[in-house]
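input-v3.pdb (PDB, C-alpha atoms and all ligand atoms)
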```pdb
MODEL        1
ATOM      1  CA  MET A   1      37.438  91.831-109.955  1.00  0.00           C
ATOM      2  CA  ALA A   2      34.711  89.851-108.149  1.00  0.00           C
ATOM      3  CA  ASP A   3      35.298  88.745-104.564  1.00  0.00           C
ATOM      4  CA  PRO A   4      36.094  84.971-104.653  1.00  0.00           C
ATOM      5  CA  LYS A   5      34.244  84.493-101.317  1.00  0.00           C
ATOM      6  CA  GLN A   6      31.072  85.865-102.862  1.00  0.00           C
ATOM      7  CA  GLN A   7      31.600  83.626-105.876  1.00  0.00           C
ATOM      8  CA  GLY A   8      31.834  80.527-103.607  1.00  0.00           C
ATOM      9  CA  GLY A   9      35.647  80.391-103.789  1.00  0.00           C
ATOM     10  CA  GLY A  10      35.453  78.258-106.922  1.00  0.00           C
ATOM     11  CA  ILE A  11      33.335  75.603-105.144  1.00  0.00           C
ATOM     12  CA  VAL A  12      30.166  74.679-106.984  1.00  0.00           C
ATOM     13  CA  GLY A  13      27.342  73.473-104.779  1.00  0.00           C
ATOM     14  CA  LYS A  14      23.631  73.446-104.216  1.00  0.00           C
ATOM     15  CA  LYS A  15      21.893  74.951-101.244  1.00  0.00           C
ATOM     16  CA  VAL A  16      19.933  72.434 -99.207  1.00  0.00           C
ATOM     17  CA  ARG A  17      17.133  73.605 -96.982  1.00  0.00           C
ATOM     18  CA  ARG A  18      17.474  72.399 -93.407  1.00  0.00           C
ATOM     19  CA  THR A  19      14.548  70.584 -91.815  1.00  0.00           C
ATOM     20  CA  GLU A  20      12.333  72.989 -90.027  1.00  0.00           C
ATOM     21  CA  ARG A  21      12.961  72.798 -86.282  1.00  0.00           C
ATOM     22  CA  THR A  22       9.410  72.822 -85.056  1.00  0.00           C
ATOM     23  CA  LEU A  23       8.535  72.624 -81.394  1.00  0.00           C
ATOM     24  CA  GLY A  24       7.613  68.926 -81.795  1.00  0.00           C
ATOM     25  CA  VAL A  25      11.015  68.071 -83.327  1.00  0.00           C
ATOM     26  CA  GLN A  26      12.938  70.055 -80.770  1.00  0.00           C
ATOM     27  CA  ALA A  27      11.055  68.553 -77.843  1.00  0.00           C
ATOM     28  CA  TYR A  28      12.280  65.059 -79.004  1.00  0.00           C
ATOM     29  CA  ILE A  29       9.538  63.215 -77.107  1.00  0.00           C
ATOM     30  CA  PRO A  30       6.979  62.998 -79.975  1.00  0.00           C
ATOM     31  CA  GLU A  31       9.716  61.811 -82.407  1.00  0.00           C
ATOM     32  CA  ALA A  32      11.057  59.304 -79.862  1.00  0.00           C
ATOM     33  CA  ALA A  33       7.516  58.007 -79.322  1.00  0.00           C
ATOM     34  CA  LYS A  34       7.093  57.651 -83.096  1.00  0.00           C
ATOM     35  CA  GLY A  35      10.354  55.611 -83.319  1.00  0.00           C
ATOM     36  CA  MET A  36       9.298  53.443 -80.391  1.00  0.00           C
ATOM     37  CA  GLY A  37       5.981  52.815 -82.156  1.00  0.00           C
ATOM     38  CA  VAL A  38       7.760  51.490 -85.271  1.00  0.00           C
ATOM     39  CA  LEU A  39      10.022  49.329 -83.090  1.00  0.00           C
ATOM     40  CA  MET A  40       7.110  47.814 -81.156  1.00  0.00           C
ATOM     41  CA  LYS A  41       5.154  47.219 -84.369  1.00  0.00           C
ATOM     42  CA  HIS A  42       8.024  45.106 -85.741  1.00  0.00           C
ATOM     43  CA  PHE A  43       8.585  43.425 -82.379  1.00  0.00           C
ATOM     44  CA  PHE A  44       4.966  42.226 -82.059  1.00  0.00           C
ATOM     45  CA  ASN A  45       4.766  41.302 -85.729  1.00  0.00           C
ATOM     46  CA  ASN A  46       7.972  39.230 -85.553  1.00  0.00           C
ATOM     47  CA  THR A  47       6.903  37.599 -82.272  1.00  0.00           C
ATOM     48  CA  LYS A  48       3.521  36.658 -83.745  1.00  0.00           C
ATOM     49  CA  GLU A  49       5.165  35.149 -86.858  1.00  0.00           C
ATOM     50  CA  LEU A  50       7.649  33.257 -84.697  1.00  0.00           C
ATOM     51  CA  VAL A  51       4.978  31.834 -82.378  1.00  0.00           C
ATOM     52  CA  LEU A  52       2.580  30.901 -85.195  1.00  0.00           C
ATOM     53  CA  GLY A  53       5.332  29.577 -87.457  1.00  0.00           C
ATOM     54  CA  GLN A  54       4.544  32.151 -90.136  1.00  0.00           C
ATOM     55  CA  ARG A  55       8.085  33.375 -90.733  1.00  0.00           C
ATOM     56  CA  ASN A  56       9.026  33.772 -94.356  1.00  0.00           C
ATOM     57  CA  ASP A  57      11.630  31.660 -95.994  1.00  0.00           C
ATOM     58  CA  PRO A  58      14.172  34.447 -96.560  1.00  0.00           C
ATOM     59  CA  ASN A  59      15.484  32.722 -99.658  1.00  0.00           C
ATOM     60  CA  LEU A  60      12.247  32.080-101.469  1.00  0.00           C
ATOM     61  CA  GLU A  61       9.535  34.315-100.060  1.00  0.00           C
ATOM     62  CA  ALA A  62       8.787  37.974 -99.480  1.00  0.00           C
ATOM     63  CA  LEU A  63      11.420  39.105-101.940  1.00  0.00           C
ATOM     64  CA  ASP A  64       9.019  41.826-103.061  1.00  0.00           C
ATOM     65  CA  LYS A  65       9.048  43.331 -99.564  1.00  0.00           C
ATOM     66  CA  GLY A  66      12.498  44.784-100.043  1.00  0.00           C
ATOM     67  CA  ILE A  67      15.011  44.051 -97.307  1.00  0.00           C
ATOM     68  CA  ASN A  68      14.556  40.498 -96.156  1.00  0.00           C
ATOM     69  CA  THR A  69      16.541  39.667 -93.054  1.00  0.00           C
ATOM     70  CA  ILE A  70      17.766  36.169 -92.298  1.00  0.00           C
ATOM     71  CA  ALA A  71      17.454  35.431 -88.584  1.00  0.00           C
ATOM     72  CA  TYR A  72      20.826  33.665 -88.306  1.00  0.00           C
ATOM     73  CA  PRO A  73      21.550  31.233 -86.703  1.00  0.00           C
ATOM     74  CA  GLU A  74      17.923  30.081 -86.479  1.00  0.00           C
ATOM     75  CA  GLN A  75      17.630  30.581 -90.237  1.00  0.00           C
ATOM     76  CA  LYS A  76      20.459  29.774 -92.607  1.00  0.00           C
ATOM     77  CA  ARG A  77      20.800  30.402 -96.295  1.00  0.00           C
ATOM     78  CA  PRO A  78      21.286  26.989 -97.940  1.00  0.00           C
ATOM     79  CA  TYR A  79      24.522  26.556 -99.844  1.00  0.00           C
ATOM     80  CA  PRO A  80      24.336  25.762-103.545  1.00  0.00           C
ATOM     81  CA  ILE A  81      24.618  22.065-104.310  1.00  0.00           C
ATOM     82  CA  ARG A  82      28.035  22.516-105.938  1.00  0.00           C
ATOM     83  CA  ASN A  83      29.477  24.079-102.800  1.00  0.00           C
ATOM     84  CA  ARG A  84      32.577  22.258-101.571  1.00  0.00           C
ATOM     85  CA  GLY A  85      31.948  21.562 -97.916  1.00  0.00           C
ATOM     86  CA  LEU A  86      34.279  20.118 -95.341  1.00  0.00           C
ATOM     87  CA  HIS A  87      36.113  16.949 -96.302  1.00  0.00           C
ATOM     88  CA  ARG A  88      35.004  13.545 -95.194  1.00  0.00           C
ATOM     89  CA  LEU A  89      36.621  10.128 -95.488  1.00  0.00           C
ATOM     90  CA  THR A  90      34.221   7.501 -96.791  1.00  0.00           C
ATOM     91  CA  ILE A  91      33.964   4.140 -95.078  1.00  0.00           C
ATOM     92  CA  ARG A  92      33.441   0.526 -96.165  1.00  0.00           C
ATOM     93  CA  ASP A  93      30.651  -1.766 -94.997  1.00  0.00           C
ATOM     94  CA  ASP A  94      32.795  -2.943 -92.063  1.00  0.00           C
ATOM     95  CA  GLY A  95      33.406   0.664 -90.952  1.00  0.00           C
ATOM     96  CA  SER A  96      37.076   0.779 -92.014  1.00  0.00           C
ATOM     97  CA  PRO A  97      38.311   3.687 -94.145  1.00  0.00           C
ATOM     98  CA  ARG A  98      37.855   3.417 -97.901  1.00  0.00           C
ATOM     99  CA  CYS A  99      41.275   5.097 -98.225  1.00  0.00           C
ATOM    100  CA  VAL A 100      44.184   2.913 -99.350  1.00  0.00           C
ATOM    101  CA  ALA A 101      46.849   5.432 -98.308  1.00  0.00           C
ATOM    102  CA  CYS A 102      48.141   5.868-101.860  1.00  0.00           C
ATOM    103  CA  LEU A 103      49.115   9.506-101.132  1.00  0.00           C
ATOM    104  CA  CYS A 104      47.631  10.773-104.415  1.00  0.00           C
ATOM    105  CA  CYS A 105      45.584  13.406-102.590  1.00  0.00           C
ATOM    106  CA  SER A 106      48.441  14.697-100.468  1.00  0.00           C
ATOM    107  CA  THR A 107      50.646  14.826-103.578  1.00  0.00           C
ATOM    108  CA  ALA A 108      48.035  16.778-105.541  1.00  0.00           C
ATOM    109  CA  CYS A 109      47.279  19.184-102.699  1.00  0.00           C
ATOM    110  CA  PRO A 110      48.746  22.600-103.577  1.00  0.00           C
ATOM    111  CA  ALA A 111      48.469  23.795 -99.991  1.00  0.00           C
ATOM    112  CA  GLN A 112      50.281  20.723 -98.634  1.00  0.00           C
ATOM    113  CA  CYS A 113      47.768  20.446 -95.849  1.00  0.00           C
ATOM    114  CA  ILE A 114      47.180  16.669 -95.957  1.00  0.00           C
ATOM    115  CA  TYR A 115      49.372  14.374 -93.870  1.00  0.00           C
ATOM    116  CA  ILE A 116      49.030  10.610 -94.252  1.00  0.00           C
ATOM    117  CA  GLU A 117      50.879   7.856 -92.452  1.00  0.00           C
ATOM    118  CA  PRO A 118      50.314   4.600 -94.379  1.00  0.00           C
ATOM    119  CA  ALA A 119      50.283   1.167 -92.736  1.00  0.00           C
ATOM    120  CA  GLU A 120      49.854  -2.476 -93.835  1.00  0.00           C
ATOM    121  CA  TYR A 121      46.841  -4.548 -92.922  1.00  0.00           C
ATOM    122  CA  PRO A 122      47.880  -7.426 -90.651  1.00  0.00           C
ATOM    123  CA  ALA A 123      48.728 -10.830 -92.119  1.00  0.00           C
ATOM    124  CA  GLY A 124      45.564 -12.868 -92.555  1.00  0.00           C
ATOM    125  CA  ASP A 125      43.454  -9.852 -93.512  1.00  0.00           C
ATOM    126  CA  ALA A 126      42.117 -10.243 -97.054  1.00  0.00           C
ATOM    127  CA  ARG A 127      43.464  -6.783 -97.837  1.00  0.00           C
ATOM    128  CA  HIS A 128      47.011  -7.643 -96.716  1.00  0.00           C
ATOM    129  CA  GLY A 129      49.334  -7.315 -99.699  1.00  0.00           C
ATOM    130  CA  TYR A 130      46.701  -5.536-101.847  1.00  0.00           C
ATOM    131  CA  GLU A 131      45.988  -2.335-100.060  1.00  0.00           C
ATOM    132  CA  ARG A 132      47.308  -0.183 -97.271  1.00  0.00           C
ATOM    133  CA  PHE A 133      45.319   1.897 -94.852  1.00  0.00           C
ATOM    134  CA  PRO A 134      45.969   5.326 -93.321  1.00  0.00           C
ATOM    135  CA  LYS A 135      47.261   4.881 -89.781  1.00  0.00           C
ATOM    136  CA  ALA A 136      47.053   8.650 -89.550  1.00  0.00           C
ATOM    137  CA  PHE A 137      45.160  10.949 -91.903  1.00  0.00           C
ATOM    138  CA  VAL A 138      45.168  14.609 -91.010  1.00  0.00           C
ATOM    139  CA  ILE A 139      43.902  17.679 -92.846  1.00  0.00           C
ATOM    140  CA  ASP A 140      44.705  21.206 -91.737  1.00  0.00           C
ATOM    141  CA  GLU A 141      41.401  22.842 -92.673  1.00  0.00           C
ATOM    142  CA  LEU A 142      42.799  26.273 -91.927  1.00  0.00           C
ATOM    143  CA  ARG A 143      45.481  25.935 -94.574  1.00  0.00           C
ATOM    144  CA  CYS A 144      43.167  24.246 -97.110  1.00  0.00           C
ATOM    145  CA  ILE A 145      42.068  26.433-100.014  1.00  0.00           C
ATOM    146  CA  PHE A 146      39.104  24.179-100.889  1.00  0.00           C
ATOM    147  CA  CYS A 147      40.291  23.624-104.440  1.00  0.00           C
ATOM    148  CA  GLY A 148      38.983  20.037-104.525  1.00  0.00           C
ATOM    149  CA  PHE A 149      42.147  18.640-106.138  1.00  0.00           C
ATOM    150  CA  CYS A 150      42.385  15.951-103.445  1.00  0.00           C
ATOM    151  CA  VAL A 151      38.894  14.702-104.343  1.00  0.00           C
ATOM    152  CA  GLU A 152      39.771  14.679-108.043  1.00  0.00           C
ATOM    153  CA  ALA A 153      43.036  12.822-107.406  1.00  0.00           C
ATOM    154  CA  CYS A 154      41.593  10.042-105.262  1.00  0.00           C
ATOM    155  CA  PRO A 155      41.274   6.748-107.185  1.00  0.00           C
ATOM    156  CA  CYS A 156      38.947   5.212-104.562  1.00  0.00           C
ATOM    157  CA  ASP A 157      36.378   7.933-103.923  1.00  0.00           C
ATOM    158  CA  ALA A 158      37.718   7.790-100.395  1.00  0.00           C
ATOM    159  CA  ILE A 159      37.796  11.530 -99.823  1.00  0.00           C
ATOM    160  CA  ARG A 160      34.836  13.740-100.611  1.00  0.00           C
ATOM    161  CA  MET A 161      33.799  17.341-100.075  1.00  0.00           C
ATOM    162  CA  ASP A 162      30.055  16.792-100.046  1.00  0.00           C
ATOM    163  CA  THR A 163      29.251  17.395 -96.380  1.00  0.00           C
ATOM    164  CA  GLY A 164      27.677  20.772 -97.179  1.00  0.00           C
ATOM    165  CA  GLU A 165      29.230  22.095 -93.958  1.00  0.00           C
ATOM    166  CA  HIS A 166      31.884  24.659 -93.243  1.00  0.00           C
ATOM    167  CA  ALA A 167      34.311  24.689 -90.336  1.00  0.00           C
ATOM    168  CA  VAL A 168      32.879  26.137 -87.163  1.00  0.00           C
ATOM    169  CA  PRO A 169      34.685  29.196 -85.782  1.00  0.00           C
ATOM    170  CA  TYR A 170      37.120  27.680 -83.301  1.00  0.00           C
ATOM    171  CA  ASP A 171      39.309  29.884 -81.158  1.00  0.00           C
ATOM    172  CA  SER A 172      42.633  28.087 -81.650  1.00  0.00           C
ATOM    173  CA  ARG A 173      44.546  26.883 -84.693  1.00  0.00           C
ATOM    174  CA  ASP A 174      45.015  23.295 -83.528  1.00  0.00           C
ATOM    175  CA  GLN A 175      41.244  22.756 -83.511  1.00  0.00           C
ATOM    176  CA  PHE A 176      41.252  23.106 -87.303  1.00  0.00           C
ATOM    177  CA  ILE A 177      43.507  20.077 -87.666  1.00  0.00           C
ATOM    178  CA  TYR A 178      41.013  17.314 -88.407  1.00  0.00           C
ATOM    179  CA  SER A 179      41.985  13.749 -87.566  1.00  0.00           C
ATOM    180  CA  LYS A 180      41.072  10.553 -89.406  1.00  0.00           C
ATOM    181  CA  ASP A 181      38.347   9.616 -86.916  1.00  0.00           C
ATOM    182  CA  LEU A 182      36.710  13.022 -87.173  1.00  0.00           C
ATOM    183  CA  LEU A 183      36.867  12.977 -90.986  1.00  0.00           C
ATOM    184  CA  MET A 184      35.340   9.489 -91.006  1.00  0.00           C
ATOM    185  CA  SER A 185      32.501  10.603 -88.739  1.00  0.00           C
ATOM    186  CA  PHE A 186      31.108  13.179 -91.184  1.00  0.00           C
ATOM    187  CA  GLU A 187      28.159  12.367 -93.420  1.00  0.00           C
ATOM    188  CA  GLY A 188      27.537  13.443 -96.992  1.00  0.00           C
ATOM    189  CA  ARG A 189      24.451  15.442 -97.954  1.00  0.00           C
ATOM    190  CA  ASP A 190      22.623  12.148 -98.499  1.00  0.00           C
ATOM    191  CA  GLY A 191      23.199  11.241 -94.833  1.00  0.00           C
ATOM    192  CA  SER A 192      25.540   8.377 -95.701  1.00  0.00           C
ATOM    193  CA  ARG A 193      29.160   7.893 -94.608  1.00  0.00           C
ATOM    194  CA  LYS A 194      29.801   5.538 -97.521  1.00  0.00           C
ATOM    195  CA  THR A 195      30.488   6.091-101.198  1.00  0.00           C
ATOM    196  CA  GLN A 196      28.071   5.471-104.036  1.00  0.00           C
ATOM    197  CA  ASN A 197      30.936   4.086-106.114  1.00  0.00           C
ATOM    198  CA  THR A 198      31.291   0.495-105.002  1.00  0.00           C
ATOM    199  CA  ARG A 199      34.523  -1.403-105.504  1.00  0.00           C
ATOM    200  CA  HIS A 200      35.458  -5.062-105.494  1.00  0.00           C
ATOM    201  CA  GLU A 201      36.968  -5.653-102.075  1.00  0.00           C
ATOM    202  CA  PRO A 202      39.965  -7.950-101.681  1.00  0.00           C
ATOM    203  CA  GLY A 203      38.541 -11.280-100.530  1.00  0.00           C
ATOM    204  CA  ASP A 204      35.246 -10.791-102.403  1.00  0.00           C
ATOM    205  CA  ALA A 205      34.401 -13.393-105.056  1.00  0.00           C
ATOM    206  CA  SER A 206      34.210 -10.544-107.565  1.00  0.00           C
ATOM    207  CA  HIS A 207      37.728  -9.280-106.808  1.00  0.00           C
ATOM    208  CA  PRO A 208      40.184 -10.022-109.662  1.00  0.00           C
ATOM    209  CA  GLY A 209      42.736 -11.484-107.262  1.00  0.00           C
ATOM    210  CA  ILE A 210      46.460 -11.781-107.810  1.00  0.00           C
ATOM    211  CA  THR A 211      46.260 -13.730-111.051  1.00  0.00           C
ATOM    212  CA  ARG A 212      44.050 -11.140-112.717  1.00  0.00           C
ATOM    213  CA  LEU A 213      42.368 -13.998-114.599  1.00  0.00           C
ATOM    214  CA  LYS A 214      38.968 -13.567-112.959  1.00  0.00           C
ATOM    215  CA  LYS A 215      36.450 -11.510-114.788  1.00  0.00           C
ATOM    216  CA  HIS A 216      34.442  -8.907-112.956  1.00  0.00           C
TER     217      HIS A 216
HETATM  218  S1  LIG B   1      40.778  20.963-101.200  1.00  0.00           S
HETATM  219 FE1  LIG B   1      42.744  21.495-102.192  1.00  0.00          FE
HETATM  220  S2  LIG B   1      43.895  22.545-100.599  1.00  0.00           S
HETATM  221 FE2  LIG B   1      42.219  21.474 -99.552  1.00  0.00          FE
HETATM  222  S3  LIG B   1      43.078  19.519 -98.921  1.00  0.00           S
HETATM  223 FE3  LIG B   1      42.142  19.213-100.930  1.00  0.00          FE
HETATM  224  S4  LIG B   1      43.779  19.523-102.420  1.00  0.00           S
HETATM  225 FE4  LIG B   1      44.452  20.394-100.457  1.00  0.00          FE
HETATM  226  S1  LIG B   2      42.126   9.624 -99.771  1.00  0.00           S
HETATM  227 FE1  LIG B   2      42.258   8.686-101.790  1.00  0.00          FE
HETATM  228  S2  LIG B   2      43.986   9.719-102.792  1.00  0.00           S
HETATM  229 FE2  LIG B   2      44.151  10.145-100.597  1.00  0.00          FE
HETATM  230  S3  LIG B   2      45.520   8.564 -99.846  1.00  0.00           S
HETATM  231 FE3  LIG B   2      43.410   7.838 -99.550  1.00  0.00          FE
HETATM  232  S4  LIG B   2      42.974   6.618-101.397  1.00  0.00           S
HETATM  233 FE4  LIG B   2      44.792   7.862-101.848  1.00  0.00          FE
ENDMDL
END
```
Kindly transcribe the structure held in the file into structure tokens.
Amino acid sequence: MADPKQQGGGIVGKKVRRTERTLGVQAYIPEAAKGMGVLMKHFFNNTKELVLGQRNDPNLEALDKGINTIAYPEQKRPYPIRNRGLHRLTIRDDGSPRCVACLCCSTACPAQCIYIEPAEYPAGDARHGYERFPKAFVIDELRCIFCGFCVEACPCDAIRMDTGEHAVPYDSRDQFIYSKDLLMSFEGRDGSRKTQNTRHEPGDASHPGITRLKKH
């Protein structure tokens, strides 16, 4: 019977020839100098491109060159237009929140990460008796799953996810709890804090009013 050790012990393999250990390889210095040469070539090339503003757009150019590194954070890959960014609360012309504190968004939110405290506009305000406003409006962005249900549920286009931004990496959980003022300070991709969907404001001539007899 054949010796199993001579037969490879049942292991099937292929012999690979080891790299020849020439004097140059074993001395290390020529190989180290070669590596340093490649490093310096890239260093000077990158510095020249940076100084002369010749850097490639990593998303659109030099794709045929193989690996194309994005120099983050100086270069960022743009998000697709349908990306749901951080929430923002839209504002009216007078700077007040578009939100009428109806609680539709917080009811629709599967993660239960929206907290709203509604309040009445003071007597004498044209919106008194028609609409409420959010005294407090808080979103826990760490608990949010970015499903967009809140945006879909809102009847006033008061909450949007079109900032194109994502939360910055804070180092404590409470920093991810975004307040009303912060949410109202964000801009959409178009640079506006308002909504494109105008509404008839209470007090406007075009508003139907309490009788609902006016046409608009
Ligand atoms: S995106 Fe979804 S999870 Fe996040 S606040 Fe809106 S409804 Fe809630
Ligand atoms: S953001 Fe929209 S859905 Fe949410 S409470 Fe305000 S008006 Fe209602």
**Report entry** atom CA of Tyr79 of chain A to atom CA of Arg55 of chain A, straight-line distance in Å
**Finding:** 20.0 Å
Written as a PDB file with C-alpha atoms, in the frame of the given file, what is the full residue list that the PyMOL selection byres (((not hetatm)) within 10 of (chain B and resi 2)) yields on the file shown?
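And here is the file that came out, selection-v3.pdb:
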```pdb
ATOM      1  CA  ARG A  88      35.004  13.545 -95.194  1.00  0.00           C
ATOM      2  CA  LEU A  89      36.621  10.128 -95.488  1.00  0.00           C
ATOM      3  CA  THR A  90      34.221   7.501 -96.791  1.00  0.00           C
ATOM      4  CA  PRO A  97      38.311   3.687 -94.145  1.00  0.00           C
ATOM      5  CA  ARG A  98      37.855   3.417 -97.901  1.00  0.00           C
ATOM      6  CA  CYS A  99      41.275   5.097 -98.225  1.00  0.00           C
ATOM      7  CA  VAL A 100      44.184   2.913 -99.350  1.00  0.00           C
ATOM      8  CA  ALA A 101      46.849   5.432 -98.308  1.00  0.00           C
ATOM      9  CA  CYS A 102      48.141   5.868-101.860  1.00  0.00           C
ATOM     10  CA  LEU A 103      49.115   9.506-101.132  1.00  0.00           C
ATOM     11  CA  CYS A 104      47.631  10.773-104.415  1.00  0.00           C
ATOM     12  CA  CYS A 105      45.584  13.406-102.590  1.00  0.00           C
ATOM     13  CA  SER A 106      48.441  14.697-100.468  1.00  0.00           C
ATOM     14  CA  THR A 107      50.646  14.826-103.578  1.00  0.00           C
ATOM     15  CA  ALA A 108      48.035  16.778-105.541  1.00  0.00           C
ATOM     16  CA  CYS A 109      47.279  19.184-102.699  1.00  0.00           C
ATOM     17  CA  ILE A 114      47.180  16.669 -95.957  1.00  0.00           C
ATOM     18  CA  TYR A 115      49.372  14.374 -93.870  1.00  0.00           C
ATOM     19  CA  ILE A 116      49.030  10.610 -94.252  1.00  0.00           C
ATOM     20  CA  GLU A 117      50.879   7.856 -92.452  1.00  0.00           C
ATOM     21  CA  PRO A 118      50.314   4.600 -94.379  1.00  0.00           C
ATOM     22  CA  GLU A 131      45.988  -2.335-100.060  1.00  0.00           C
ATOM     23  CA  ARG A 132      47.308  -0.183 -97.271  1.00  0.00           C
ATOM     24  CA  PHE A 133      45.319   1.897 -94.852  1.00  0.00           C
ATOM     25  CA  PRO A 134      45.969   5.326 -93.321  1.00  0.00           C
ATOM     26  CA  PHE A 137      45.160  10.949 -91.903  1.00  0.00           C
ATOM     27  CA  PHE A 149      42.147  18.640-106.138  1.00  0.00           C
ATOM     28  CA  CYS A 150      42.385  15.951-103.445  1.00  0.00           C
ATOM     29  CA  VAL A 151      38.894  14.702-104.343  1.00  0.00           C
ATOM     30  CA  GLU A 152      39.771  14.679-108.043  1.00  0.00           C
ATOM     31  CA  ALA A 153      43.036  12.822-107.406  1.00  0.00           C
ATOM     32  CA  CYS A 154      41.593  10.042-105.262  1.00  0.00           C
ATOM     33  CA  PRO A 155      41.274   6.748-107.185  1.00  0.00           C
ATOM     34  CA  CYS A 156      38.947   5.212-104.562  1.00  0.00           C
ATOM     35  CA  ASP A 157      36.378   7.933-103.923  1.00  0.00           C
ATOM     36  CA  ALA A 158      37.718   7.790-100.395  1.00  0.00           C
ATOM     37  CA  ILE A 159      37.796  11.530 -99.823  1.00  0.00           C
ATOM     38  CA  ARG A 160      34.836  13.740-100.611  1.00  0.00           C
TER      39      ARG A 160
END
```
Query raised in the report: atom CA of Met40 of chain A to atom CA of Glu20 of chain A: how many Å, to one decimal?
Result: 27.2 Å
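With distances taken over all atoms listed in the file, A:Arg92 is the one residue among A:Arg127, A:Lys41, A:Lys15, A:Arg92 lying closest to Thr198 of chain A.
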Around all of ligand LIG 1 (chain B)'s listed atoms, make the axis-aligned box with 4 Å on each side and tell me centre and edge lengths in Å to one decimal, as JSON.
```
{"center_x": 42.6, "center_y": 20.9, "center_z": -100.7, "size_x": 11.7, "size_y": 11.3, "size_z": 11.5}
```
Report task. Compare A:Val16, A:Val38, A:Leu142, A:Cys147 by their minimum atom-to-atom distance to ligand LIG 1 (chain B), counting all atoms listed in the file, and give me the closest one. Result ->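 The shortest atom-to-atom distance to ligand LIG 1 (chain B) comes from A:Cys147.
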Query raised in the report: Given the file above and the PyMOL selection byres (((chain A and resi 166) around 8) and not hetatm), which residues are selected, and can you give them as a PyMOL selection string?
Result: chain A and resi 85-86+164-165+167-168
Requested in this report: Figure out the distance between atom S3 of ligand LIG 1 (chain B) and atom CA of Asp140 of chain A, please, to one decimal in Å.
Outcome: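 Taking atom CA of Asp140 of chain A and atom S3 of ligand LIG 1 (chain B), their separation equals 7.6 Å.
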**Report entry** Neighbours of point (9.7, 37.3, -87.4) within 12 Å, using all atoms listed in the file, written as a PyMOL selection string
**Finding:** chain A and resi 41-58+68-72+74-75
Write the residues of the preceding selection, restricted to C-alpha atoms, as a PDB file, keeping the file's coordinate frame.
```
ATOM      1  CA  LYS A  41       5.154  47.219 -84.369  1.00  0.00           C
ATOM      2  CA  HIS A  42       8.024  45.106 -85.741  1.00  0.00           C
ATOM      3  CA  PHE A  43       8.585  43.425 -82.379  1.00  0.00           C
ATOM      4  CA  PHE A  44       4.966  42.226 -82.059  1.00  0.00           C
ATOM      5  CA  ASN A  45       4.766  41.302 -85.729  1.00  0.00           C
ATOM      6  CA  ASN A  46       7.972  39.230 -85.553  1.00  0.00           C
ATOM      7  CA  THR A  47       6.903  37.599 -82.272  1.00  0.00           C
ATOM      8  CA  LYS A  48       3.521  36.658 -83.745  1.00  0.00           C
ATOM      9  CA  GLU A  49       5.165  35.149 -86.858  1.00  0.00           C
ATOM     10  CA  LEU A  50       7.649  33.257 -84.697  1.00  0.00           C
ATOM     11  CA  VAL A  51       4.978  31.834 -82.378  1.00  0.00           C
ATOM     12  CA  LEU A  52       2.580  30.901 -85.195  1.00  0.00           C
ATOM     13  CA  GLY A  53       5.332  29.577 -87.457  1.00  0.00           C
ATOM     14  CA  GLN A  54       4.544  32.151 -90.136  1.00  0.00           C
ATOM     15  CA  ARG A  55       8.085  33.375 -90.733  1.00  0.00           C
ATOM     16  CA  ASN A  56       9.026  33.772 -94.356  1.00  0.00           C
ATOM     17  CA  ASP A  57      11.630  31.660 -95.994  1.00  0.00           C
ATOM     18  CA  PRO A  58      14.172  34.447 -96.560  1.00  0.00           C
ATOM     19  CA  ASN A  68      14.556  40.498 -96.156  1.00  0.00           C
ATOM     20  CA  THR A  69      16.541  39.667 -93.054  1.00  0.00           C
ATOM     21  CA  ILE A  70      17.766  36.169 -92.298  1.00  0.00           C
ATOM     22  CA  ALA A  71      17.454  35.431 -88.584  1.00  0.00           C
ATOM     23  CA  TYR A  72      20.826  33.665 -88.306  1.00  0.00           C
ATOM     24  CA  GLU A  74      17.923  30.081 -86.479  1.00  0.00           C
ATOM     25  CA  GLN A  75      17.630  30.581 -90.237  1.00  0.00           C
TER      26      GLN A  75
END
```
Query raised in the report: Nearest to Ala136 of chain A among A:Ile29, A:Ala119, A:Val12, A:Ile91, with distances taken over all atoms listed in the file: which residue is it?
Result: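 Residue with the minimum atom-to-atom distance to Ala136 of chain A: A:Ala119.
For the residues A:Gly191, A:Gly148, A:Gly129, A:Pro80, ranking by smallest atom-to-atom distance to ligand LIG 1 (chain B) using only C-alpha atoms and all ligand atoms places A:Gly148 first.
Applied to the shown file, the PyMOL selection byres (((chain A and resi 126) around 9) and not hetatm) selects the residues Tyr121, Ala123, Gly124, Asp125, Arg127, His128, Gly129, Tyr130, Glu201, Pro202, Gly203 and Asp204 of chain A.
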Could those selected residues go to a file with C-alpha atoms, as a PDB file, in the coordinates of the input?
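And here is the file that came out, result_35.pdb:
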```pdb
ATOM      1  CA  TYR A 121      46.841  -4.548 -92.922  1.00  0.00           C
ATOM      2  CA  ALA A 123      48.728 -10.830 -92.119  1.00  0.00           C
ATOM      3  CA  GLY A 124      45.564 -12.868 -92.555  1.00  0.00           C
ATOM      4  CA  ASP A 125      43.454  -9.852 -93.512  1.00  0.00           C
ATOM      5  CA  ARG A 127      43.464  -6.783 -97.837  1.00  0.00           C
ATOM      6  CA  HIS A 128      47.011  -7.643 -96.716  1.00  0.00           C
ATOM      7  CA  GLY A 129      49.334  -7.315 -99.699  1.00  0.00           C
ATOM      8  CA  TYR A 130      46.701  -5.536-101.847  1.00  0.00           C
ATOM      9  CA  GLU A 201      36.968  -5.653-102.075  1.00  0.00           C
ATOM     10  CA  PRO A 202      39.965  -7.950-101.681  1.00  0.00           C
ATOM     11  CA  GLY A 203      38.541 -11.280-100.530  1.00  0.00           C
ATOM     12  CA  ASP A 204      35.246 -10.791-102.403  1.00  0.00           C
TER      13      ASP A 204
END
```
**Report entry** Closest of A:Glu141, A:Arg77, A:Ala32, A:Arg82 to ligand LIG 1 (chain B) - atom-to-atom distances counting only C-alpha atoms and all ligand atoms
**Finding:** A:Glu141
